[in-house]
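S.K.: Quick one: the structure is below, questions incoming.
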Amino acid sequence: MAETKVLERKPLSLAERSNLPQIVSGLKTTVSHMFRKKVTLQYPEVRPTLPEGYRGVPTLVHDPHGREKCVSCQLCEFVCPPKAIRITPGEIDPEAETAHVEKAPKEFEIDMLRCIYCGLCEEVCPEEAIFLQDVYSMTGYSREEMVNNKEKLYELGGTLPDHHYKWDKKRAAEDAAKARGYAHS
Amino acid sequence: MELVPLLLKILYAAIMLVVVLTIAGYSVLIERKVSAYQHGRIGPNRTTTPFIRPIPVIGPLLTRLGIIQLPADGLKFLFKEDFTPPYVNRPFFWAAPLIAFVPSLAVIAVIPFGQYTSPLTGEMIPLVLAPMDLGVIFVLAIGSLSVYGVVLAGWGSNSKYSFLGGIRSSAQMISYELSLGLSIFPVFLWMNAPGSDAGLSLSSVVEAQNTMWFLITCPLSAFLFLVGIFAETNRLPFDMAESETDLVGGFHTEYSSFKFGLFFVGEYGAMAVGSALFVLLFLGGWNFLPFLANPWPAGWIGSVLSVLWFLVKVVGMITFFVLIRWTLPRYRFDQVMKLGWTVLLPLAIANLIVNAAAVAIHDLW
Ligand code: SF4
Ligand code: SF4
């Protein structure tokens, strides 16, 4: 059992009760602070350095080949706790080079008045298509302006590196299977 | 009275009013800047106007110093909605800011701020609006009237927070008035000791401190007066009337716009006047330094120098007020009362008795 140490509580001395030495030492502290380096960041001109893993505004990204990664599976829409995401799924043109991906969002809206920056959409996305990046200042004059549409989301998101190129591999496998005579489903 | 001197007096009064209001206003800026520096911040450094920004070096400097912040804040107060809550007692509610504002400005009439030594006769005339023989009594009497503004505001606002603030501040002001008044008696005892006859005017106090400041000869008086002034001007650590952490805004909770601005300026005006009083009574007024003769030459140049030196001291005192505010936490109300009645008042009385005895012994010697 831990030992209890009883501290003796001395009555305050006259100097302490007069508060004056304390006032002087307090002044010493505050005055010394006046000559230290200022911590103010001149905000709009100087921006803070954000830590890694910062959760800013959710954005949609392209892969390095310029393919839009979202396949409008709508998992993020369903997981989003405040229901900030609204997706209208669409089909990819069968003639297109990426026709085997089959689906892409026709419209993708995130209502930033609802979003709570929880990051669940990023976590749930099977395509690594949605990321909370470093944009932290969203402003607008109306409610409509605060809804990010698909165009805006891609503009904010830009391109992020891809580690898998999942759909390229899929097509390569498909082609290889075809070459060996198997019909790939 | 003839017309010309009368008009001159009015002109002087107007100039003085403008100067004091400017000082009061810029003490707000001092407060904001000093507090910012104490917090490791920069303080107001952006407000500017189109005709100041383009001036090469001075424009950005003035902007960084926040010089334009004051007129901007004043205009902001003017253009805000002046909301009178429906439940207030209107006559009191409207009279209160004026009653709080006027006394702190009326006091400046008797405050001397410099000297003019005639180059011909060598005679020294103090610069003051109204050379009054009872200057000190006037200051104490009128200055303490401003408590009625606070009390009326608390009463007329008809809200609990204002009411509590008003009660607290009236109790506090009455308690500290005593030690404040008693603390300056020794100064006048010494000045009017048998053999000398200096009267009760503020300019004679300054003359009496020609080579020796009362801060050094009566340090306890100076300390008691300083504490009293802190309490009278409702500055932290004694800002019972406002105590924004427990009373929202205290007595001016219900005020907005220009009426609040009047309280605000009145408060800072009281602080400026209090600093000026402390400088006059204990820091030698416009006298140069203790133990040194005044270097002010005769004529107007000397006058200007003495006024500037006086202003330097006053601004130094205002800065001290501000430093204290951002250093100390607020006393609890019962602590304020206890301090006032059981410590400061007995000390002030003892101080008076000891000094009176000292004057008597000095006389017998
Ligand atoms: S962003 Fe990801 S989770 Fe959301 S619809 Fe697109 S692919 Fe699915
Ligand atoms: S960060 Fe959270 S709240 Fe915002 S869109 Fe994604 S899942 Fe919804």
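Letters for chains follow the order of the structure tokens (A, B, ...), residue numbers begin at 1 for each chain, and ligand numbers begin at 1 in the order shown.
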Only residues of chain A matter here; which ones have an atom within 9 Å of chain B, counting only C-alpha atoms? Give them as a PyMOL selection string.
M.R.: chain A and resi 23+26-27+29-41
S.K.: Pull N, CA and C atoms from the residues just selected and write them as an mmCIF file, in the first residue's frame.
M.R.:
data_model
loop_
_atom_site.group_PDB
_atom_site.id
_atom_site.type_symbol
_atom_site.label_atom_id
_atom_site.label_comp_id
_atom_site.auth_asym_id
_atom_site.auth_seq_id
_atom_site.Cartn_x
_atom_site.Cartn_y
_atom_site.Cartn_z
ATOM 1 N N ILE A 23 2.711 40.034 -5.717
ATOM 2 C CA ILE A 23 2.416 40.975 -6.799
ATOM 3 C C ILE A 23 3.691 41.295 -7.560
ATOM 4 N N GLY A 26 4.695 38.380 -9.626
ATOM 5 C CA GLY A 26 3.767 38.267 -10.748
ATOM 6 C C GLY A 26 4.102 39.270 -11.831
ATOM 7 N N LEU A 27 4.395 40.505 -11.402
ATOM 8 C CA LEU A 27 4.771 41.527 -12.378
ATOM 9 C C LEU A 27 6.029 41.122 -13.127
ATOM 10 N N THR A 29 6.990 38.166 -13.863
ATOM 11 C CA THR A 29 6.636 37.186 -14.892
ATOM 12 C C THR A 29 6.006 37.859 -16.099
ATOM 13 N N THR A 30 4.978 38.689 -15.834
ATOM 14 C CA THR A 30 4.257 39.251 -16.972
ATOM 15 C C THR A 30 5.142 40.204 -17.760
ATOM 16 N N VAL A 31 5.972 40.990 -17.050
ATOM 17 C CA VAL A 31 6.817 41.934 -17.785
ATOM 18 C C VAL A 31 7.863 41.180 -18.601
ATOM 19 N N SER A 32 8.384 40.082 -18.027
ATOM 20 C CA SER A 32 9.378 39.331 -18.812
ATOM 21 C C SER A 32 8.732 38.750 -20.062
ATOM 22 N N HIS A 33 7.437 38.420 -19.973
ATOM 23 C CA HIS A 33 6.753 37.900 -21.167
ATOM 24 C C HIS A 33 6.644 38.949 -22.253
ATOM 25 N N MET A 34 6.614 40.212 -21.859
ATOM 26 C CA MET A 34 6.463 41.265 -22.866
ATOM 27 C C MET A 34 7.637 41.290 -23.829
ATOM 28 N N PHE A 35 8.794 40.791 -23.381
ATOM 29 C CA PHE A 35 9.973 40.898 -24.233
ATOM 30 C C PHE A 35 10.320 39.577 -24.900
ATOM 31 N N ARG A 36 9.451 38.588 -24.728
ATOM 32 C CA ARG A 36 9.721 37.327 -25.423
ATOM 33 C C ARG A 36 9.261 37.411 -26.858
ATOM 34 N N LYS A 37 9.617 36.357 -27.595
ATOM 35 C CA LYS A 37 9.190 36.291 -28.986
ATOM 36 C C LYS A 37 7.673 36.113 -29.024
ATOM 37 N N LYS A 38 7.037 36.832 -29.948
ATOM 38 C CA LYS A 38 5.586 36.740 -30.035
ATOM 39 C C LYS A 38 5.183 35.424 -30.713
ATOM 40 N N VAL A 39 4.071 34.864 -30.275
ATOM 41 C CA VAL A 39 3.637 33.601 -30.865
ATOM 42 C C VAL A 39 2.563 33.804 -31.931
ATOM 43 N N THR A 40 2.160 35.055 -32.128
ATOM 44 C CA THR A 40 1.086 35.328 -33.088
ATOM 45 C C THR A 40 1.488 34.918 -34.500
ATOM 46 N N LEU A 41 0.555 34.278 -35.191
ATOM 47 C CA LEU A 41 0.743 33.941 -36.601
ATOM 48 C C LEU A 41 -0.086 34.959 -37.382
#
S.K.: Select the residues contacting ligand 1 at a distance of at most 6 Å, based on only C-alpha atoms and all ligand atoms, then format the selection as JSON, numbers by chain.
M.R.: {"A": [70, 71, 72, 73, 74, 75, 76, 125, 126, 127, 129, 130]}
S.K.: Could the residues in this selection be written to a file with N, CA and C atoms, as a compact mmCIF listing (two decimals), in the first residue's frame?
M.R.:
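Below is the file that was written, again24.txt:
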# COMPACT_ATOMS: atom_id res chain seq x y z
N CYS A 70 -13.42 7.32 -57.77
CA CYS A 70 -14.69 6.94 -57.16
C CYS A 70 -15.50 6.09 -58.15
N VAL A 71 -16.07 4.99 -57.63
CA VAL A 71 -16.91 4.15 -58.47
C VAL A 71 -18.37 4.24 -58.05
N SER A 72 -18.68 5.28 -57.30
CA SER A 72 -20.04 5.53 -56.79
C SER A 72 -20.67 4.28 -56.19
N CYS A 73 -19.90 3.64 -55.30
CA CYS A 73 -20.47 2.49 -54.57
C CYS A 73 -21.39 2.94 -53.46
N GLN A 74 -21.28 4.22 -53.10
CA GLN A 74 -22.16 4.85 -52.11
C GLN A 74 -21.94 4.39 -50.68
N LEU A 75 -20.82 3.69 -50.44
CA LEU A 75 -20.54 3.30 -49.06
C LEU A 75 -20.37 4.53 -48.18
N CYS A 76 -19.66 5.53 -48.72
CA CYS A 76 -19.43 6.74 -47.92
C CYS A 76 -20.76 7.42 -47.62
N CYS A 125 -13.99 3.99 -47.77
CA CYS A 125 -13.95 3.95 -49.23
C CYS A 125 -13.07 2.80 -49.73
N PRO A 126 -13.63 1.85 -50.47
CA PRO A 126 -12.85 0.72 -50.96
C PRO A 126 -11.92 1.11 -52.10
N GLU A 127 -12.10 2.28 -52.68
CA GLU A 127 -11.34 2.69 -53.85
C GLU A 127 -10.28 3.72 -53.52
N ALA A 129 -10.75 6.77 -52.82
CA ALA A 129 -11.12 7.85 -53.73
C ALA A 129 -11.42 9.15 -52.99
N ILE A 130 -11.71 9.05 -51.71
CA ILE A 130 -12.12 10.26 -50.98
C ILE A 130 -11.15 10.47 -49.83
S.K.: List as a PyMOL selection string the protein and nucleic acid residues lying within 7 Å of ligand 2, with only C-alpha atoms and all ligand atoms counted.
M.R.: chain A and resi 58+76+79-85+110+114-122+132
S.K.: Ranking B:Phe251, B:Phe321, B:Phe260, B:Tyr176 by minimum distance to B:Trp341 and counting only C-alpha atoms, which one comes first?
M.R.: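 Among the listed residues, B:Tyr176 lies closest to B:Trp341.
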S.K.: Considering only C-alpha atoms, state which residue in the set A:Leu20, A:Ala2, A:Leu160, A:Leu14 is at the smallest distance from A:His65.
M.R.: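 Checking each of A:Leu20, A:Ala2, A:Leu160, A:Leu14 against A:His65, counting only C-alpha atoms, the winner is A:Leu160.
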S.K.: Find the residues near stretch 356-362 of chain B: any atom within 8 Å, counting only C-alpha atoms, skip ones fewer than 4 places away on the same chain, and give them as a list in words.
M.R.: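 What passes the distance filter is Pro186, Leu189, Trp190, Ala193 and Leu352 of chain B.
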S.K.: Write out as a JSON list (two decimals) with C-alpha atoms, in the first residue's frame the residues lying within 8 Å of B:Asn158, counting only C-alpha atoms and excluding same-chain residues fewer than 3 positions away.
M.R.:
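result-v8.json written:
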[["chain", "number", "residue", "atom", "x", "y", "z"],
["B", 87, "TYR", "CA", -37.80, 46.69, -18.46],
["B", 88, "VAL", "CA", -35.38, 49.46, -17.47],
["B", 89, "ASN", "CA", -36.16, 52.58, -15.51],
["B", 154, "GLY", "CA", -27.10, 49.12, -11.53],
["B", 155, "TRP", "CA", -30.43, 50.26, -10.13],
["B", 162, "SER", "CA", -26.28, 45.11, -13.04],
["B", 163, "PHE", "CA", -27.80, 45.35, -9.61]]
S.K.: Could you pull the residues within 9 Å of B:Pro219, counting only C-alpha atoms, minus those fewer than 5 positions along the same chain, as a ChimeraX atom specification?
M.R.: /B:214,224,282
S.K.: Do you know which residues are at most 10 Å from stretch 97-101 of chain A counting only C-alpha atoms, after dropping those on the same chain fewer than 3 positions away, and could you put them as a VMD selection string?
M.R.: chain A and resid 67 to 71 91 to 94 104 167 to 168 170 to 171 174
S.K.: For those residues, write all heavy atoms to a file as a short mmCIF file (atom, residue, chain, number, x, y, z; two decimals), in the first residue's frame.
M.R.:
data_model
loop_
_atom_site.label_atom_id
_atom_site.label_comp_id
_atom_site.auth_asym_id
_atom_site.auth_seq_id
_atom_site.Cartn_x
_atom_site.Cartn_y
_atom_site.Cartn_z
N ARG A 67 -7.47 9.04 -63.87
CA ARG A 67 -8.77 8.37 -63.80
C ARG A 67 -9.46 8.81 -62.52
O ARG A 67 -8.83 8.88 -61.46
CB ARG A 67 -8.55 6.86 -63.79
CG ARG A 67 -9.83 6.04 -63.85
CD ARG A 67 -9.52 4.56 -63.81
NE ARG A 67 -8.93 4.15 -62.55
CZ ARG A 67 -9.65 3.89 -61.47
NH1 ARG A 67 -10.96 4.00 -61.49
NH2 ARG A 67 -9.06 3.52 -60.34
N GLU A 68 -10.74 9.10 -62.63
CA GLU A 68 -11.43 9.41 -61.38
C GLU A 68 -11.66 8.11 -60.63
O GLU A 68 -12.10 7.10 -61.21
CB GLU A 68 -12.73 10.17 -61.63
CG GLU A 68 -13.85 9.40 -62.26
CD GLU A 68 -15.12 10.23 -62.31
OE1 GLU A 68 -15.59 10.65 -61.24
OE2 GLU A 68 -15.66 10.45 -63.40
N LYS A 69 -11.28 8.13 -59.32
CA LYS A 69 -11.21 6.85 -58.63
C LYS A 69 -12.56 6.38 -58.10
O LYS A 69 -12.80 5.20 -57.97
CB LYS A 69 -10.20 6.93 -57.49
CG LYS A 69 -8.78 7.14 -58.01
CD LYS A 69 -7.78 7.31 -56.90
CE LYS A 69 -7.34 5.97 -56.36
NZ LYS A 69 -6.28 6.12 -55.36
N CYS A 70 -13.42 7.32 -57.77
CA CYS A 70 -14.69 6.94 -57.16
C CYS A 70 -15.50 6.09 -58.15
O CYS A 70 -15.59 6.40 -59.34
CB CYS A 70 -15.49 8.18 -56.80
SG CYS A 70 -17.14 7.82 -56.21
N VAL A 71 -16.07 4.99 -57.63
CA VAL A 71 -16.91 4.15 -58.47
C VAL A 71 -18.37 4.24 -58.05
O VAL A 71 -19.17 3.38 -58.40
CB VAL A 71 -16.44 2.68 -58.42
CG1 VAL A 71 -15.03 2.58 -58.98
CG2 VAL A 71 -16.52 2.14 -57.00
N GLU A 91 -23.11 5.67 -65.12
CA GLU A 91 -22.36 4.60 -65.79
C GLU A 91 -21.26 5.20 -66.63
O GLU A 91 -21.39 6.29 -67.17
CB GLU A 91 -23.30 3.78 -66.65
CG GLU A 91 -23.82 2.58 -65.88
CD GLU A 91 -24.85 1.81 -66.66
OE1 GLU A 91 -24.62 1.58 -67.87
OE2 GLU A 91 -25.88 1.46 -66.05
N ILE A 92 -20.18 4.44 -66.77
CA ILE A 92 -19.10 4.90 -67.63
C ILE A 92 -19.42 4.49 -69.05
O ILE A 92 -19.91 3.38 -69.29
CB ILE A 92 -17.77 4.30 -67.17
CG1 ILE A 92 -17.43 4.84 -65.77
CG2 ILE A 92 -16.65 4.62 -68.15
CD1 ILE A 92 -16.12 4.38 -65.23
N ASP A 93 -19.14 5.39 -69.95
CA ASP A 93 -19.37 5.14 -71.38
C ASP A 93 -18.68 3.84 -71.79
O ASP A 93 -17.48 3.67 -71.58
CB ASP A 93 -18.75 6.35 -72.12
CG ASP A 93 -18.98 6.22 -73.61
OD1 ASP A 93 -19.66 5.27 -74.02
OD2 ASP A 93 -18.45 7.08 -74.33
N PRO A 94 -19.42 2.83 -72.34
CA PRO A 94 -18.82 1.52 -72.68
C PRO A 94 -17.68 1.63 -73.67
O PRO A 94 -16.84 0.74 -73.77
CB PRO A 94 -19.99 0.73 -73.27
CG PRO A 94 -21.18 1.59 -73.22
CD PRO A 94 -20.86 2.88 -72.63
N ALA A 104 -19.25 5.31 -62.27
CA ALA A 104 -18.61 6.52 -61.75
C ALA A 104 -19.74 7.45 -61.32
O ALA A 104 -20.87 7.31 -61.82
CB ALA A 104 -17.76 7.20 -62.82
N TRP A 167 -7.44 -1.29 -60.95
CA TRP A 167 -8.21 -1.53 -62.17
C TRP A 167 -7.31 -1.88 -63.35
O TRP A 167 -7.69 -2.67 -64.21
CB TRP A 167 -9.10 -0.34 -62.48
CG TRP A 167 -10.20 -0.24 -61.47
CD1 TRP A 167 -10.26 0.55 -60.39
CD2 TRP A 167 -11.36 -1.04 -61.44
NE1 TRP A 167 -11.38 0.33 -59.66
CE2 TRP A 167 -12.10 -0.66 -60.29
CE3 TRP A 167 -11.89 -2.08 -62.28
CZ2 TRP A 167 -13.30 -1.25 -59.95
CZ3 TRP A 167 -13.11 -2.63 -61.91
CH2 TRP A 167 -13.79 -2.23 -60.77
N ASP A 168 -6.07 -1.33 -63.37
CA ASP A 168 -5.12 -1.71 -64.41
C ASP A 168 -4.76 -3.18 -64.28
O ASP A 168 -4.73 -3.94 -65.25
CB ASP A 168 -3.85 -0.86 -64.33
CG ASP A 168 -4.15 0.58 -64.70
OD1 ASP A 168 -5.31 0.84 -65.10
OD2 ASP A 168 -3.25 1.43 -64.58
N LYS A 170 -6.56 -5.44 -62.89
CA LYS A 170 -7.73 -6.22 -63.25
C LYS A 170 -7.80 -6.45 -64.75
O LYS A 170 -8.05 -7.55 -65.25
CB LYS A 170 -9.00 -5.51 -62.78
CG LYS A 170 -9.43 -5.95 -61.42
CD LYS A 170 -10.88 -5.71 -61.20
CE LYS A 170 -11.26 -6.50 -59.97
NZ LYS A 170 -12.57 -6.23 -59.49
N ARG A 171 -7.55 -5.33 -65.46
CA ARG A 171 -7.64 -5.48 -66.90
C ARG A 171 -6.52 -6.37 -67.44
O ARG A 171 -6.73 -7.21 -68.33
CB ARG A 171 -7.60 -4.12 -67.59
CG ARG A 171 -7.86 -4.30 -69.09
CD ARG A 171 -8.17 -3.03 -69.76
NE ARG A 171 -7.20 -2.02 -69.40
CZ ARG A 171 -7.38 -0.72 -69.56
NH1 ARG A 171 -8.51 -0.30 -70.08
NH2 ARG A 171 -6.49 0.13 -69.23
N GLU A 174 -7.48 -9.83 -66.89
CA GLU A 174 -8.54 -10.17 -67.84
C GLU A 174 -7.96 -10.51 -69.21
O GLU A 174 -8.29 -11.53 -69.83
CB GLU A 174 -9.46 -8.96 -67.99
CG GLU A 174 -10.92 -9.26 -67.82
CD GLU A 174 -11.70 -7.98 -67.71
OE1 GLU A 174 -11.84 -7.46 -66.57
OE2 GLU A 174 -12.13 -7.47 -68.75
#
S.K.: Taking the DSSP assignment computed from this structure's backbone, write out as an NGL selection string all residues of stretch 267-307 of chain B that belong to helix (DSSP H, G or I).
M.R.: :B and (267-282 or 300-307)
